[in-house]
Structures are given as structure tokens and as C-alpha cells.
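Q: Let me give you the structure first, and then I'll get to my questions.
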Amino acid sequence: MDHNIDITRQEVEEASNIFMSYWNTGDLENACDLYAEDAEFLTAAHGRIVGRANILAYYQSHYPDRAAMGRLSLRMDSCRTVPSYPTPAAVAVFGWKLMTPGSPPPRVHTGFTLEYYEKRDGQLFLLYDASL
């Protein structure tokens, strides 16, 4: 397996850790750099959001400041990689937990997300993010 071409489970896990780190420091712009320009974000509550810029705008409208963003944790439950030409891909399932401020105790939100990644020009991008 050529790790410069194929996607590995470790790369997907590292990308999610980087996203989580940016989120937890309040840096939505860099967190959203993981999304491809043509990415799609799906939520049961808010529907389908298409495009990196629109996904960033969604996050900014729902989490207007660092305090509102709370603390995010992600746990990879499974990952399946698909080595293919010309576009290697991976599908991953993560459990997520978001602790946000509330009158004590903090509010805890939990769920799952199904994510589809592709490697384009050697860089890993998130194309589909379906949060449940």
C-alpha cells in the first residue's frame, strides 16, 4: 500500500484530532479547512448545507463565540478505507460529545457522525459529514 496515495485509518483519526483541537480553541476557520470546497454537511435539525464557506457560516451562526462552542470530543468507532484510482476514499463513524455552558451542570449533547473522506492531490478532505 502506497501511503502517499491511499488513505489510512491513522490519517482519518489524525484529521479528526486536528479538527477537534481547532474547535476546542475556538478556531472555526481552521477547523473547517478539513472540509472540501464542495463538501456537504447534513443534520437532522438543520438539513443539508453545501460548500465549505456555507458550513463555516452555519457553525459561526450556531456557535457565535468560544464559550458557545463548548468542548468537543470525538471517538472513532469504525473506519473503512477504499484504495482506488484515481481517488482513494475512507468512510468513518465517530461518536461525538459536546459539552456546552449551561446553568450548572453544563449541557451535554451526544451523537454520531458518518463521514466520507477523499484524498485530492495528496491532501485529505472531508466531503460528506452526516451528524445524527
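Labels for the C-alpha cells follow display order: chains A, B, ..., residues from 1 in each chain, ligands from 1.
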So which residues touch A:Gln123 within 12 Å, counting only C-alpha atoms, skipping near sequence neighbours fewer than 5 positions away, as number ranges by chain?

A: A: 3-7, 11-12, 15, 33-36, 87-89, 117-118

Q: I need the residues in stretch 34-132 of chain A that are helix (DSSP H, G or I) according to DSSP; give them as a ChimeraX atom specification.

A: /A:52-62,66-69

Q: Give me, as a VMD selection string, all polymer residues having an atom no more than 8 Å from A:Phe112, counting only C-alpha atoms and skipping those fewer than 5 positions away in the same chain.

A: chain A and resid 93 to 96 131 to 132

Q: If you keep N, CA and C atoms, can you produce a file of those selected residues as a short mmCIF file (atom, residue, chain, number, x, y, z; two decimals), in the first residue's frame?

A:
data_model
loop_
_atom_site.label_atom_id
_atom_site.label_comp_id
_atom_site.auth_asym_id
_atom_site.auth_seq_id
_atom_site.Cartn_x
_atom_site.Cartn_y
_atom_site.Cartn_z
N VAL A 93 -17.04 6.31 11.11
CA VAL A 93 -18.12 6.61 12.04
C VAL A 93 -17.47 7.08 13.34
N PHE A 94 -17.91 8.24 13.82
CA PHE A 94 -17.41 8.79 15.08
C PHE A 94 -18.57 8.97 16.05
N GLY A 95 -18.32 8.69 17.30
CA GLY A 95 -19.21 9.14 18.35
C GLY A 95 -18.71 10.50 18.79
N TRP A 96 -19.62 11.44 19.07
CA TRP A 96 -19.20 12.77 19.49
C TRP A 96 -19.94 13.17 20.77
N SER A 131 -24.24 14.29 10.62
CA SER A 131 -24.30 14.22 12.08
C SER A 131 -25.70 13.85 12.52
N LEU A 132 -25.73 12.89 13.43
CA LEU A 132 -27.01 12.39 13.94
C LEU A 132 -27.04 12.53 15.44
#

Q: Give the strand (DSSP E or B) residues of stretch 1-102 of chain A, as DSSP finds them on the backbone, and put them as a VMD selection string.

A: chain A and resid 35 to 43 47 to 50 71 to 82 89 to 100

Q: Pick from A:Cys79, A:Ile49, A:Ala39, A:Met69: nearest to A:Gly102, with only C-alpha atoms counted?

A: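 Closest to A:Gly102, using only C-alpha atoms: A:Met69.
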
Q: Could you check the closest approach to A:Glu37 for each of A:Phe125, A:Met99, A:Tyr63, A:Ala130 and tell me which residue wins, using only C-alpha atoms?

A: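 Closest to A:Glu37 of all the choices is A:Phe125.
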
Q: Taking only C-alpha atoms into account, name the residue in A:Leu42, A:Val50, A:Ala68, A:Ala57 that is nearest to A:Glu115.

A: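 Nearest candidate to A:Glu115 out of A:Leu42, A:Val50, A:Ala68, A:Ala57: A:Leu42.
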
Q: As a PyMOL selection string, please: the residues near stretch 73-77 of chain A (cut-off 12 Å, only C-alpha atoms, same-chain neighbours under 6 positions excluded).

A: chain A and resi 9-24+91-100+108-115

Q: Rounded to one decimal place, report the atom CA of A:Gln60-atom CA of A:Gly122 distance in Å.

A: 28.6 Å
